[in-house]
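S.K.: Here you go, start_39.txt (compact mmCIF, C-alpha atoms and all ligand atoms):
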```txt
# COMPACT_ATOMS: atom_id res chain seq x y z
CA MET A 18 -43.54 32.76 -78.35
CA SER A 19 -42.26 29.71 -76.54
CA SER A 20 -42.75 26.00 -76.15
CA THR A 21 -43.83 23.94 -73.15
CA VAL A 22 -41.23 21.46 -71.91
CA SER A 23 -41.33 18.79 -69.17
CA ALA A 24 -39.04 19.45 -66.21
CA LEU A 25 -38.30 18.51 -62.62
CA VAL A 26 -39.10 21.58 -60.58
CA THR A 27 -38.48 22.58 -56.96
CA THR A 28 -40.52 25.52 -55.74
CA SER A 29 -38.72 26.54 -52.53
CA ALA A 30 -35.46 25.88 -50.69
CA GLY A 31 -35.20 22.18 -49.91
CA ALA A 32 -38.62 21.29 -51.34
CA ALA A 33 -38.91 17.97 -53.18
CA PHE A 34 -38.64 17.83 -56.97
CA LEU A 35 -41.92 17.37 -58.78
CA ARG A 36 -42.75 16.76 -62.42
CA SER A 37 -43.99 19.96 -64.02
CA THR A 38 -43.50 22.07 -67.14
CA ILE A 39 -41.51 25.17 -68.06
CA GLN A 40 -41.42 27.45 -71.08
CA ARG A 41 -38.45 27.46 -73.44
CA ARG A 42 -37.98 30.28 -75.94
CA ASP A 43 -38.35 29.60 -79.64
CA VAL A 44 -35.13 28.99 -81.56
CA GLY A 45 -33.57 32.37 -82.47
CA VAL A 46 -31.29 32.96 -85.44
CA ASN A 47 -28.16 31.98 -83.47
CA ASP A 48 -29.79 29.35 -81.25
CA VAL A 49 -29.83 25.58 -81.19
CA LYS A 50 -32.53 23.43 -79.65
CA ILE A 51 -31.30 20.32 -77.86
CA ALA A 52 -33.26 17.21 -76.92
CA ILE A 53 -31.63 16.52 -73.55
CA ALA A 54 -30.73 12.86 -73.01
CA TYR A 55 -28.95 13.02 -69.65
CA ALA A 56 -28.39 15.59 -66.92
CA GLY A 57 -25.81 15.06 -64.18
CA ILE A 58 -26.50 15.92 -60.53
CA CYS A 59 -23.68 18.19 -59.34
CA HIS A 60 -23.31 18.96 -55.64
CA SER A 61 -23.70 22.61 -56.66
CA ASP A 62 -27.30 21.75 -57.66
CA ILE A 63 -27.92 20.69 -54.07
CA HIS A 64 -26.23 23.78 -52.60
CA GLN A 65 -28.45 26.02 -54.73
CA ALA A 66 -31.73 24.09 -54.46
CA ARG A 67 -31.31 24.26 -50.67
CA GLU A 68 -30.11 27.89 -50.64
CA GLU A 69 -26.86 26.90 -48.95
CA TRP A 70 -25.08 29.70 -50.84
CA GLY A 71 -27.69 32.37 -50.17
CA SER A 72 -31.03 33.19 -51.72
CA ALA A 73 -31.91 31.49 -54.99
CA ILE A 74 -34.51 31.91 -57.72
CA PHE A 75 -37.62 29.68 -57.53
CA PRO A 76 -39.18 27.80 -59.16
CA MET A 77 -35.84 26.16 -59.97
CA VAL A 78 -34.87 23.52 -62.50
CA PRO A 79 -31.21 22.67 -61.74
CA GLY A 80 -28.80 20.90 -64.04
CA HIS A 81 -25.62 22.20 -65.65
CA GLU A 82 -24.20 18.90 -66.85
CA ILE A 83 -26.31 18.49 -69.97
CA ALA A 84 -25.82 16.08 -72.87
CA GLY A 85 -28.17 15.56 -75.79
CA ILE A 86 -28.86 15.82 -79.51
CA VAL A 87 -29.47 18.93 -81.62
CA THR A 88 -33.02 18.91 -82.99
CA GLU A 89 -33.27 22.38 -84.55
CA VAL A 90 -30.88 25.19 -85.48
CA GLY A 91 -31.49 28.87 -86.20
CA PRO A 92 -30.76 30.18 -89.72
CA ALA A 93 -27.39 31.77 -88.78
CA VAL A 94 -26.02 28.80 -86.82
CA THR A 95 -22.71 27.45 -88.17
CA LYS A 96 -21.19 25.48 -85.28
CA HIS A 97 -23.79 22.73 -84.83
CA ARG A 98 -26.13 20.74 -87.04
CA VAL A 99 -29.31 18.79 -86.44
CA GLY A 100 -28.33 15.36 -85.14
CA ASP A 101 -25.06 16.49 -83.50
CA ARG A 102 -24.16 15.17 -80.04
CA VAL A 103 -23.77 18.24 -77.85
CA GLY A 104 -23.53 19.46 -74.29
CA ILE A 105 -24.16 22.54 -72.15
CA GLY A 106 -22.29 23.35 -68.95
CA CYS A 107 -22.63 25.99 -66.23
CA PHE A 108 -23.45 29.07 -68.31
CA VAL A 109 -25.48 29.80 -71.43
CA ASP A 110 -24.35 33.33 -72.28
CA SER A 111 -21.77 35.97 -71.39
CA CYS A 112 -21.12 39.57 -72.42
CA ARG A 113 -18.80 38.47 -75.27
CA GLU A 114 -16.78 41.71 -75.13
CA CYS A 115 -14.92 41.95 -71.80
CA ASP A 116 -11.26 40.88 -71.57
CA ALA A 117 -12.21 37.54 -70.00
CA CYS A 118 -14.78 36.73 -72.69
CA LEU A 119 -12.39 37.75 -75.46
CA ALA A 120 -9.76 35.48 -73.88
CA GLY A 121 -12.22 32.57 -73.90
CA GLU A 122 -12.55 32.63 -70.11
CA GLU A 123 -16.25 33.39 -69.98
CA GLN A 124 -16.43 31.93 -66.47
CA PHE A 125 -14.80 35.18 -65.34
CA CYS A 126 -16.98 37.50 -67.49
CA ALA A 127 -16.79 41.04 -66.05
CA LYS A 128 -20.50 41.58 -66.56
CA GLY A 129 -21.29 38.20 -65.04
CA ASN A 130 -22.19 35.29 -67.29
CA VAL A 131 -25.69 33.86 -67.48
CA PRO A 132 -25.86 30.73 -65.32
CA THR A 133 -27.62 27.75 -66.92
CA TYR A 134 -30.12 27.80 -64.04
CA ASN A 135 -30.78 29.88 -60.92
CA GLY A 136 -29.88 32.86 -63.08
CA ARG A 137 -31.37 35.37 -65.49
CA GLU A 138 -30.79 35.99 -69.16
CA TYR A 139 -29.59 39.53 -69.91
CA SER A 140 -33.16 40.09 -71.15
CA GLY A 141 -34.37 39.33 -67.61
CA GLU A 142 -35.97 35.90 -68.07
CA ASP A 143 -35.21 33.19 -65.52
CA THR A 144 -32.97 30.38 -66.73
CA PHE A 145 -33.83 26.72 -66.26
CA GLY A 146 -31.31 23.89 -66.37
CA GLY A 147 -30.96 20.34 -67.52
CA TYR A 148 -33.47 18.42 -65.40
CA SER A 149 -35.79 18.85 -68.37
CA THR A 150 -36.37 17.39 -71.80
CA GLU A 151 -35.31 20.27 -74.05
CA ILE A 152 -33.18 23.40 -73.88
CA VAL A 153 -32.57 26.29 -76.29
CA ALA A 154 -29.23 28.12 -76.18
CA ASN A 155 -26.98 30.33 -78.24
CA GLU A 156 -24.69 28.14 -80.36
CA ASN A 157 -21.51 29.66 -78.86
CA TYR A 158 -22.31 28.15 -75.47
CA VAL A 159 -22.98 24.66 -76.82
CA LEU A 160 -20.12 22.13 -76.85
CA GLY A 161 -19.57 19.25 -79.25
CA ILE A 162 -19.42 15.82 -77.58
CA PRO A 163 -16.95 13.66 -79.50
CA GLU A 164 -17.83 10.15 -80.67
CA GLY A 165 -16.45 7.58 -78.27
CA ILE A 166 -17.95 8.98 -75.06
CA SER A 167 -21.53 7.93 -74.36
CA LEU A 168 -23.89 10.82 -73.64
CA ALA A 169 -24.49 9.57 -70.08
CA GLU A 170 -20.76 9.42 -69.33
CA ALA A 171 -20.18 12.75 -71.07
CA ALA A 172 -22.81 14.78 -69.20
CA PRO A 173 -20.79 15.12 -65.96
CA LEU A 174 -17.77 16.31 -67.92
CA LEU A 175 -19.61 19.59 -68.58
CA CYS A 176 -19.07 20.61 -64.94
CA ALA A 177 -17.10 17.98 -62.98
CA GLY A 178 -14.76 17.41 -65.94
CA ILE A 179 -13.95 21.02 -66.77
CA THR A 180 -13.82 22.15 -63.12
CA THR A 181 -10.96 19.73 -62.51
CA TYR A 182 -9.29 19.83 -65.95
CA SER A 183 -8.90 23.62 -65.83
CA PRO A 184 -6.85 23.86 -62.60
CA LEU A 185 -4.90 20.70 -63.42
CA LYS A 186 -3.80 22.34 -66.68
CA HIS A 187 -3.33 25.81 -65.20
CA TRP A 188 -1.05 24.54 -62.41
CA GLY A 189 0.88 22.21 -64.71
CA ALA A 190 -0.18 18.71 -63.65
CA GLY A 191 1.88 16.33 -65.76
CA PRO A 192 4.86 13.98 -65.76
CA GLY A 193 7.10 14.42 -62.72
CA LYS A 194 4.38 16.16 -60.70
CA GLN A 195 2.89 14.86 -57.47
CA VAL A 196 -0.83 15.66 -57.47
CA ALA A 197 -3.26 14.96 -54.63
CA ILE A 198 -7.03 14.95 -54.96
CA VAL A 199 -9.00 15.60 -51.75
CA GLY A 200 -12.44 13.96 -51.82
CA MET A 201 -13.32 11.36 -54.45
CA GLY A 202 -16.88 12.25 -55.39
CA GLY A 203 -18.15 13.65 -58.69
CA LEU A 204 -15.40 16.23 -59.17
CA GLY A 205 -12.75 14.18 -57.37
CA HIS A 206 -13.09 11.04 -59.47
CA MET A 207 -12.77 13.07 -62.67
CA ALA A 208 -9.77 14.88 -61.18
CA VAL A 209 -8.07 11.53 -60.57
CA LYS A 210 -8.77 10.30 -64.09
CA ILE A 211 -7.67 13.52 -65.78
CA ALA A 212 -4.56 14.07 -63.64
CA ALA A 213 -3.43 10.51 -64.32
CA ALA A 214 -4.11 10.90 -68.05
CA LEU A 215 -2.00 14.09 -68.00
CA GLY A 216 0.88 11.97 -66.68
CA ALA A 217 1.00 13.13 -63.04
CA GLU A 218 1.54 10.75 -60.12
CA VAL A 219 -1.83 10.87 -58.38
CA THR A 220 -2.71 10.40 -54.71
CA VAL A 221 -6.27 10.31 -53.38
CA LEU A 222 -6.94 11.75 -49.92
CA SER A 223 -10.36 10.39 -48.96
CA GLN A 224 -12.27 10.17 -45.68
CA SER A 225 -11.77 6.39 -45.64
CA LEU A 226 -10.21 3.60 -47.68
CA SER A 227 -13.62 2.35 -48.85
CA LYS A 228 -13.12 3.53 -52.45
CA GLN A 229 -9.43 2.58 -52.73
CA GLU A 230 -9.91 0.01 -55.51
CA ASP A 231 -11.85 2.53 -57.58
CA GLY A 232 -9.10 5.09 -57.04
CA ALA A 233 -6.57 2.66 -58.50
CA ARG A 234 -8.90 1.92 -61.43
CA PHE A 235 -9.19 5.68 -62.11
CA GLY A 236 -5.39 5.95 -62.24
CA ALA A 237 -4.31 6.88 -58.68
CA SER A 238 -0.98 5.42 -57.53
CA HIS A 239 -1.60 6.10 -53.84
CA TYR A 240 -4.66 6.30 -51.59
CA PHE A 241 -4.83 7.51 -47.99
CA ALA A 242 -7.59 7.93 -45.41
CA THR A 243 -7.66 11.42 -43.93
CA SER A 244 -9.30 9.95 -40.80
CA ASP A 245 -5.84 8.48 -40.05
CA PRO A 246 -3.48 11.13 -38.59
CA ALA A 247 -0.50 9.20 -40.00
CA THR A 248 -1.62 10.31 -43.49
CA PHE A 249 -0.50 13.84 -42.64
CA THR A 250 2.92 12.86 -41.29
CA GLU A 251 3.63 10.36 -44.07
CA ASN A 252 2.81 12.86 -46.81
CA ASN A 253 4.28 15.99 -45.24
CA SER A 254 5.67 18.42 -47.87
CA ARG A 255 5.02 15.98 -50.69
CA PHE A 256 2.64 17.44 -53.27
CA ASP A 257 3.20 19.99 -56.02
CA LEU A 258 -0.55 20.43 -56.41
CA ILE A 259 -3.58 19.60 -54.30
CA ILE A 260 -7.06 19.86 -55.80
CA ASN A 261 -9.51 20.15 -52.89
CA THR A 262 -13.04 19.18 -53.96
CA VAL A 263 -14.60 19.01 -50.48
CA SER A 264 -17.31 21.45 -49.41
CA ALA A 265 -16.89 20.70 -45.68
CA ASP A 266 -14.38 22.65 -43.59
CA LEU A 267 -11.51 20.18 -43.26
CA GLY A 268 -9.10 22.81 -41.93
CA VAL A 269 -6.55 24.43 -44.22
CA ASP A 270 -3.28 24.12 -42.32
CA ALA A 271 -3.14 20.33 -42.17
CA TYR A 272 -3.61 20.10 -45.93
CA ALA A 273 -1.22 22.97 -46.66
CA SER A 274 1.45 21.06 -44.73
CA LEU A 275 1.27 18.41 -47.44
CA LEU A 276 2.49 20.85 -50.10
CA THR A 277 6.12 20.85 -51.18
CA LEU A 278 8.19 23.99 -51.77
CA ASN A 279 6.17 26.29 -54.06
CA GLY A 280 3.23 23.89 -54.00
CA THR A 281 -0.35 25.06 -54.49
CA MET A 282 -3.63 23.89 -53.01
CA VAL A 283 -6.54 24.81 -55.27
CA PHE A 284 -10.01 24.94 -53.80
CA VAL A 285 -12.81 23.94 -56.14
CA GLY A 286 -15.16 22.77 -53.37
CA ILE A 287 -17.25 25.62 -51.99
CA PRO A 288 -17.90 25.47 -48.23
CA GLU A 289 -20.81 27.50 -46.89
CA LYS A 290 -18.66 29.36 -44.36
CA PRO A 291 -15.23 31.04 -44.57
CA LEU A 292 -12.15 28.89 -43.92
CA ALA A 293 -9.29 29.95 -41.66
CA PHE A 294 -5.56 29.32 -41.99
CA SER A 295 -2.39 30.41 -40.24
CA THR A 296 0.17 32.16 -42.45
CA PRO A 297 3.22 30.17 -41.23
CA SER A 298 1.76 27.06 -42.86
CA LEU A 299 2.20 28.85 -46.20
CA ILE A 300 5.33 30.86 -45.43
CA ALA A 301 7.30 27.79 -44.38
CA LYS A 302 7.59 26.57 -47.98
CA ARG A 303 6.37 29.47 -50.14
CA ARG A 304 3.09 27.60 -50.53
CA SER A 305 -0.01 29.03 -52.19
CA ILE A 306 -3.69 28.51 -51.73
CA ALA A 307 -5.89 29.33 -54.70
CA GLY A 308 -9.32 28.82 -56.18
CA SER A 309 -10.62 27.84 -59.60
CA ASN A 310 -14.01 28.30 -61.21
CA ILE A 311 -15.26 25.82 -63.88
CA GLY A 312 -13.68 26.73 -67.26
CA GLY A 313 -14.29 28.67 -70.46
CA ILE A 314 -15.99 27.37 -73.58
CA ARG A 315 -12.75 26.84 -75.52
CA GLU A 316 -11.14 24.94 -72.67
CA THR A 317 -14.30 22.89 -72.11
CA GLN A 318 -14.15 21.74 -75.73
CA GLU A 319 -10.43 20.97 -75.29
CA MET A 320 -11.30 18.91 -72.19
CA LEU A 321 -14.02 16.96 -74.02
CA ASP A 322 -11.61 16.18 -76.87
CA PHE A 323 -8.89 15.20 -74.33
CA CYS A 324 -11.30 12.87 -72.53
CA ALA A 325 -12.37 11.25 -75.79
CA ALA A 326 -8.74 10.80 -76.87
CA HIS A 327 -7.93 9.12 -73.55
CA GLY A 328 -11.13 7.07 -73.30
CA LEU A 329 -12.30 8.97 -70.25
CA GLY A 330 -15.87 9.53 -69.15
CA ALA A 331 -17.54 9.83 -65.78
CA ASP A 332 -18.52 6.72 -63.79
CA VAL A 333 -22.27 7.19 -63.57
CA GLU A 334 -25.35 5.78 -61.89
CA ILE A 335 -28.25 6.44 -64.26
CA ILE A 336 -31.48 7.23 -62.41
CA GLY A 337 -35.08 8.07 -63.25
CA ALA A 338 -36.97 11.23 -62.34
CA ASP A 339 -38.55 9.53 -59.33
CA GLU A 340 -35.13 8.88 -57.78
CA VAL A 341 -33.76 12.44 -57.78
CA ASN A 342 -34.87 13.37 -54.26
CA ALA A 343 -33.28 10.21 -52.84
CA ALA A 344 -30.17 10.76 -54.95
CA TYR A 345 -29.65 14.18 -53.33
CA GLU A 346 -29.59 12.49 -49.92
CA ARG A 347 -27.09 9.92 -51.15
CA VAL A 348 -24.77 12.60 -52.58
CA ILE A 349 -24.81 14.40 -49.23
CA LYS A 350 -23.78 11.13 -47.53
CA SER A 351 -20.90 10.68 -50.03
CA ASP A 352 -22.78 7.61 -51.23
CA VAL A 353 -22.42 8.11 -54.96
CA ARG A 354 -20.34 6.12 -57.46
CA TYR A 355 -19.49 8.67 -58.81
CA ARG A 356 -22.15 10.82 -60.44
CA PHE A 357 -25.89 10.46 -60.60
CA VAL A 358 -27.17 11.15 -64.09
CA ILE A 359 -30.88 11.62 -64.78
CA ASP A 360 -32.32 9.83 -67.80
CA THR A 361 -34.49 12.71 -68.95
CA ALA A 362 -36.82 10.39 -70.88
CA THR A 363 -38.32 9.62 -67.45
CA ILE A 364 -39.23 13.27 -66.72
CA PRO A 365 -42.51 13.69 -68.65
CA ALA A 366 -45.47 12.66 -66.52
CA PRO A 367 -46.56 9.12 -67.48
CA ALA A 368 -49.91 8.98 -69.30
CA ALA A 369 -52.74 8.53 -66.77
P1 LIG A 401 -19.62 15.26 -54.25
O1 LIG A 401 -19.86 14.35 -55.38
O2 LIG A 401 -20.56 15.27 -53.12
O3 LIG A 401 -18.12 14.97 -53.73
C1 LIG A 401 -17.57 15.59 -52.61
C2 LIG A 401 -16.65 14.61 -51.90
O4 LIG A 401 -16.12 15.29 -50.75
C3 LIG A 401 -17.34 13.40 -51.33
O5 LIG A 401 -17.51 12.36 -52.25
C4 LIG A 401 -16.37 12.99 -50.22
O6 LIG A 401 -15.30 12.27 -50.79
C5 LIG A 401 -15.85 14.33 -49.75
N1 LIG A 401 -16.56 14.76 -48.53
C6 LIG A 401 -17.87 15.04 -48.40
N2 LIG A 401 -18.18 15.38 -47.15
C7 LIG A 401 -17.05 15.36 -46.48
C8 LIG A 401 -16.71 15.62 -45.13
N3 LIG A 401 -17.64 15.99 -44.22
N4 LIG A 401 -15.43 15.50 -44.76
C9 LIG A 401 -14.52 15.12 -45.65
N5 LIG A 401 -14.78 14.86 -46.94
C10 LIG A 401 -16.03 14.97 -47.35
O7 LIG A 401 -19.59 16.77 -54.75
P2 LIG A 401 -19.08 17.38 -56.15
O8 LIG A 401 -20.22 17.46 -57.08
O9 LIG A 401 -17.83 16.70 -56.54
O10 LIG A 401 -18.76 18.88 -55.72
C11 LIG A 401 -17.78 19.16 -54.73
C12 LIG A 401 -17.78 20.62 -54.38
O11 LIG A 401 -17.32 21.37 -55.50
C13 LIG A 401 -19.15 21.21 -54.04
O12 LIG A 401 -18.98 22.18 -53.02
C14 LIG A 401 -19.57 21.89 -55.32
O13 LIG A 401 -20.49 22.91 -55.12
C15 LIG A 401 -18.24 22.43 -55.77
N6 LIG A 401 -18.13 22.77 -57.19
C16 LIG A 401 -17.32 23.79 -57.52
C17 LIG A 401 -17.12 24.14 -58.84
C18 LIG A 401 -16.17 25.23 -59.20
O14 LIG A 401 -16.22 25.75 -60.31
N7 LIG A 401 -15.26 25.61 -58.34
C19 LIG A 401 -17.78 23.42 -59.84
C20 LIG A 401 -18.59 22.35 -59.47
C21 LIG A 401 -18.76 22.02 -58.14
P3 LIG A 401 -14.56 11.10 -49.94
O15 LIG A 401 -15.65 10.18 -49.48
O16 LIG A 401 -13.65 10.49 -50.93
O17 LIG A 401 -13.84 11.77 -48.82
ZN ZN A 402 -21.46 21.73 -61.13
ZN ZN A 403 -17.71 39.10 -70.54
```
Write the structure described by the file as structure tokens, please.
M.R.:
Amino acid sequence: MSSTVSALVTTSAGAAFLRSTIQRRDVGVNDVKIAIAYAGICHSDIHQAREEWGSAIFPMVPGHEIAGIVTEVGPAVTKHRVGDRVGIGCFVDSCRECDACLAGEEQFCAKGNVPTYNGREYSGEDTFGGYSTEIVANENYVLGIPEGISLAEAAPLLCAGITTYSPLKHWGAGPGKQVAIVGMGGLGHMAVKIAAALGAEVTVLSQSLSKQEDGARFGASHYFATSDPATFTENNSRFDLIINTVSADLGVDAYASLLTLNGTMVFVGIPEKPLAFSTPSLIAKRRSIAGSNIGGIRETQEMLDFCAAHGLGADVEIIGADEVNAAYERVIKSDVRYRFVIDTATIPAPAA
């Protein structure tokens, strides 16, 4: 048993998105059905739809920044009610019994969590993401979106928000800390907003100064162009924490040289190829390089509540289904201010 749902589908690596339909399972006892209002376009959608990270599952419906309204709940559901504003992020299930799951860090599930798209349920069915009009998911993997953040501005928080909030919290961004954000795109602009709201002194390291005014509006105190070599001498040994959101290979050593004693550079951007570094650039000041992967359900809810309390949402450009292919090209050119969000009401094929 299932229901037919409108979706934007790509059928092979790099193929254009077309309007089509997919099947969603019926609401199980612990499931909620969500009428999706908005779905953000994360750069990870592009990496996967173009098989930049290796082979992917097609047909594919990307989208792991999902915001909408609950329309139906299973009989055993206690966490959400019909009419609630809710979201879904990067995974829709996990084993629920490994140490990571029990610790609320389902992103590190030992069995492997179930990705919201380009993945398979434990029962074997393909998963389809948010570029669609409805989704059905277990209630434990559905987040509450607080009043005060619009659904369009909340959608990107489900990936861009948590992916930056989690390392900022883990590495102690806060008052007295110098935090640099490399790349001010979807993740980067949320990193600036959240780091500033946590009380850190925030610096943006961007390819150019073209977005400097926006950086200041998001809460950055300083803004430098990485195309200018002086940026690296001026900021030598300055930062306690660098969040690197770029998926291009910018070189590791030059950025490591910006870390102070005991500083850490955390990669959240995922380049296609391995990066190289020389150990003296770390040894010189007991520096660390690290990585961070989205966040768990509990921390994602904490992040949403934090953003609502601080009046934070993503800066979005709302687009229709017809604009998604062009939007991908604009994201690749760093021409996005700062997240494209699909209005899913435009996905069903117009009546002939
Ligand atoms: P995005 O919106 O495209 O932002 C990336 C930013 O990187 C751009 O806006 C640009 O900022 C900078 N950039 C791009 N190309 C560059 C180049 N050639 N040289 C220097 N800087 C460049 O992408 P996103 O959605 O934020 O995602 C960023 C990365 O994080 C992707 O690889 C994505 O897959 C990954 N990701 C990881 C996780 C995780 O859990 N770790 C979660 C989500 C996404 P400036 O113009 O300001 O320089
Ligand atoms: Zn993402
Ligand atoms: Zn697990």
S.K.: What's the separation between CA of Ala307 (chain A) and CA of Ala271 (chain A), in Å to one decimal place?
M.R.: 15.7 Å
S.K.: Mind checking which residues fall within 12 Å of Asp266 (chain A), counting all atoms listed in the file, ignoring those fewer than 4 positions away in the same chain, and posting them as a list of chain:residue names?
M.R.: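 Contacts, with the query itself left out: A:Asn261, A:Thr262, A:Asp270, A:Ala271, A:Tyr272, A:Phe284, A:Gly286, A:Ile287, A:Pro288, A:Glu289, A:Lys290, A:Pro291, A:Leu292, A:Ala293, A:Phe294.
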S.K.: Find the residue from A:Gly91, A:Pro173, A:Val44, A:Gly121 that sits nearest to ligand ZN 402 (chain A); use all atoms listed in the file when measuring.
M.R.: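 Closest to ligand ZN 402 (chain A), using all atoms listed in the file: A:Pro173.
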S.K.: Kindly provide, as an MDAnalysis selection string, all nucleotide and amino acid residues lying within 7 Å of ligand ZN 402 (chain A), counting all atoms listed in the file.
M.R.: chainID A and resid 59:62 81:82 107 176:177
S.K.: Can you tell me which residues surround Thr317 (chain A) at a distance of at most 9 Å, considering all atoms listed in the file, apart from same-chain residues fewer than 2 positions away, and format the answer as a list in words?
M.R.: Gly106, Leu160, Leu174, Leu175, Cys176, Gly178, Ile179, Tyr182, Ser183, Ile311, Gly312, Gly313, Ile314, Arg315, Glu319, Met320, Leu321 and Asp322 of chain A
S.K.: Can you tell me, as a PyMOL selection string, what residues are no more than 7 Å from Leu299 (chain A) when counting only C-alpha atoms, ignoring any on the same chain fewer than 5 positions away?
M.R.: chain A and resi 273+304-305
S.K.: Could those selected residues go to a file with C-alpha atoms, as a PDB file, in the frame of the given file?
M.R.:
```pdb
ATOM      1  CA  ALA A 273      -1.220  22.970 -46.660  1.00  0.00           C
ATOM      2  CA  ARG A 304       3.090  27.600 -50.530  1.00  0.00           C
ATOM      3  CA  SER A 305      -0.010  29.030 -52.190  1.00  0.00           C
TER       4      SER A 305
END
```
S.K.: Using only C-alpha atoms and all ligand atoms, I'd like a table of the residues in chain A that come within 8 Å of ligand ZN 403 (chain A); for each, show the closest atom pair and its distance in Å rounded to one decimal, ordered by chain and ascending number, as CSV.
M.R.:
```
residue,atom,partner,partner_atom,distance
A:Ser111,CA,A:ZN403,ZN,5.2
A:Cys112,CA,A:ZN403,ZN,3.9
A:Arg113,CA,A:ZN403,ZN,4.9
A:Glu114,CA,A:ZN403,ZN,5.4
A:Cys115,CA,A:ZN403,ZN,4.2
A:Asp116,CA,A:ZN403,ZN,6.8
A:Ala117,CA,A:ZN403,ZN,5.7
A:Cys118,CA,A:ZN403,ZN,4.3
A:Leu119,CA,A:ZN403,ZN,7.4
A:Glu123,CA,A:ZN403,ZN,5.9
A:Phe125,CA,A:ZN403,ZN,7.1
A:Cys126,CA,A:ZN403,ZN,3.5
A:Ala127,CA,A:ZN403,ZN,5.0
A:Lys128,CA,A:ZN403,ZN,5.5
A:Gly129,CA,A:ZN403,ZN,6.6
A:Asn130,CA,A:ZN403,ZN,6.7
```
S.K.: Could the residues of chain A that have an atom at most 8 Å from ligand LIG 401 (chain A) be listed as a Markdown table, each with its closest atom pair and the distance in Å to one decimal, counting all atoms listed in the file and ordered by chain and ascending residue number?
M.R.:
```
| residue | atom | partner | partner_atom | distance |
| --- | --- | --- | --- | --- |
| A:Ile58 | CA | A:LIG401 | O8 | 7.3 |
| A:Cys59 | CA | A:LIG401 | O8 | 4.2 |
| A:His60 | CA | A:LIG401 | O8 | 3.7 |
| A:Ser61 | CA | A:LIG401 | O13 | 3.6 |
| A:Asp62 | CA | A:LIG401 | O13 | 7.4 |
| A:Ile63 | CA | A:LIG401 | O13 | 7.8 |
| A:His64 | CA | A:LIG401 | O13 | 6.3 |
| A:Cys176 | CA | A:LIG401 | C20 | 5.8 |
| A:Ala177 | CA | A:LIG401 | C20 | 5.8 |
| A:Thr180 | CA | A:LIG401 | O14 | 5.2 |
| A:Val199 | CA | A:LIG401 | O17 | 6.8 |
| A:Gly200 | CA | A:LIG401 | O6 | 3.5 |
| A:Met201 | CA | A:LIG401 | O16 | 3.6 |
| A:Gly202 | CA | A:LIG401 | O5 | 3.2 |
| A:Gly203 | CA | A:LIG401 | O9 | 3.7 |
| A:Leu204 | CA | A:LIG401 | O9 | 3.6 |
| A:Gly205 | CA | A:LIG401 | O9 | 5.7 |
| A:His206 | CA | A:LIG401 | O9 | 7.9 |
| A:Val221 | CA | A:LIG401 | O16 | 7.8 |
| A:Leu222 | CA | A:LIG401 | O16 | 6.9 |
| A:Ser223 | CA | A:LIG401 | O17 | 3.7 |
| A:Gln224 | CA | A:LIG401 | O17 | 3.9 |
| A:Ser225 | CA | A:LIG401 | O17 | 6.6 |
| A:Lys228 | CA | A:LIG401 | O16 | 7.1 |
| A:Thr243 | CA | A:LIG401 | O17 | 7.9 |
| A:Thr262 | CA | A:LIG401 | C11 | 4.8 |
| A:Val263 | CA | A:LIG401 | O4 | 4.0 |
| A:Ser264 | CA | A:LIG401 | O12 | 4.0 |
| A:Ala265 | CA | A:LIG401 | N3 | 5.0 |
| A:Asp266 | CA | A:LIG401 | N4 | 7.3 |
| A:Leu267 | CA | A:LIG401 | N4 | 6.3 |
| A:Phe284 | CA | A:LIG401 | N7 | 7.0 |
| A:Val285 | CA | A:LIG401 | N7 | 3.7 |
| A:Gly286 | CA | A:LIG401 | O11 | 3.3 |
| A:Ile287 | CA | A:LIG401 | O12 | 4.0 |
| A:Pro288 | CA | A:LIG401 | O12 | 5.9 |
| A:Gly308 | CA | A:LIG401 | N7 | 7.1 |
| A:Ser309 | CA | A:LIG401 | N7 | 5.3 |
| A:Asn310 | CA | A:LIG401 | O14 | 3.5 |
| A:Ile311 | CA | A:LIG401 | O14 | 3.7 |
| A:Gly312 | CA | A:LIG401 | O14 | 7.5 |
| A:Val348 | CA | A:LIG401 | O2 | 5.0 |
| A:Ile349 | CA | A:LIG401 | O2 | 5.8 |
| A:Lys350 | CA | A:LIG401 | N2 | 7.0 |
| A:Ser351 | CA | A:LIG401 | O5 | 4.4 |
| A:Asp352 | CA | A:LIG401 | O5 | 7.2 |
| A:Val353 | CA | A:LIG401 | O1 | 6.8 |
| A:Tyr355 | CA | A:LIG401 | O1 | 6.6 |
| A:Arg356 | CA | A:LIG401 | O1 | 6.6 |
```
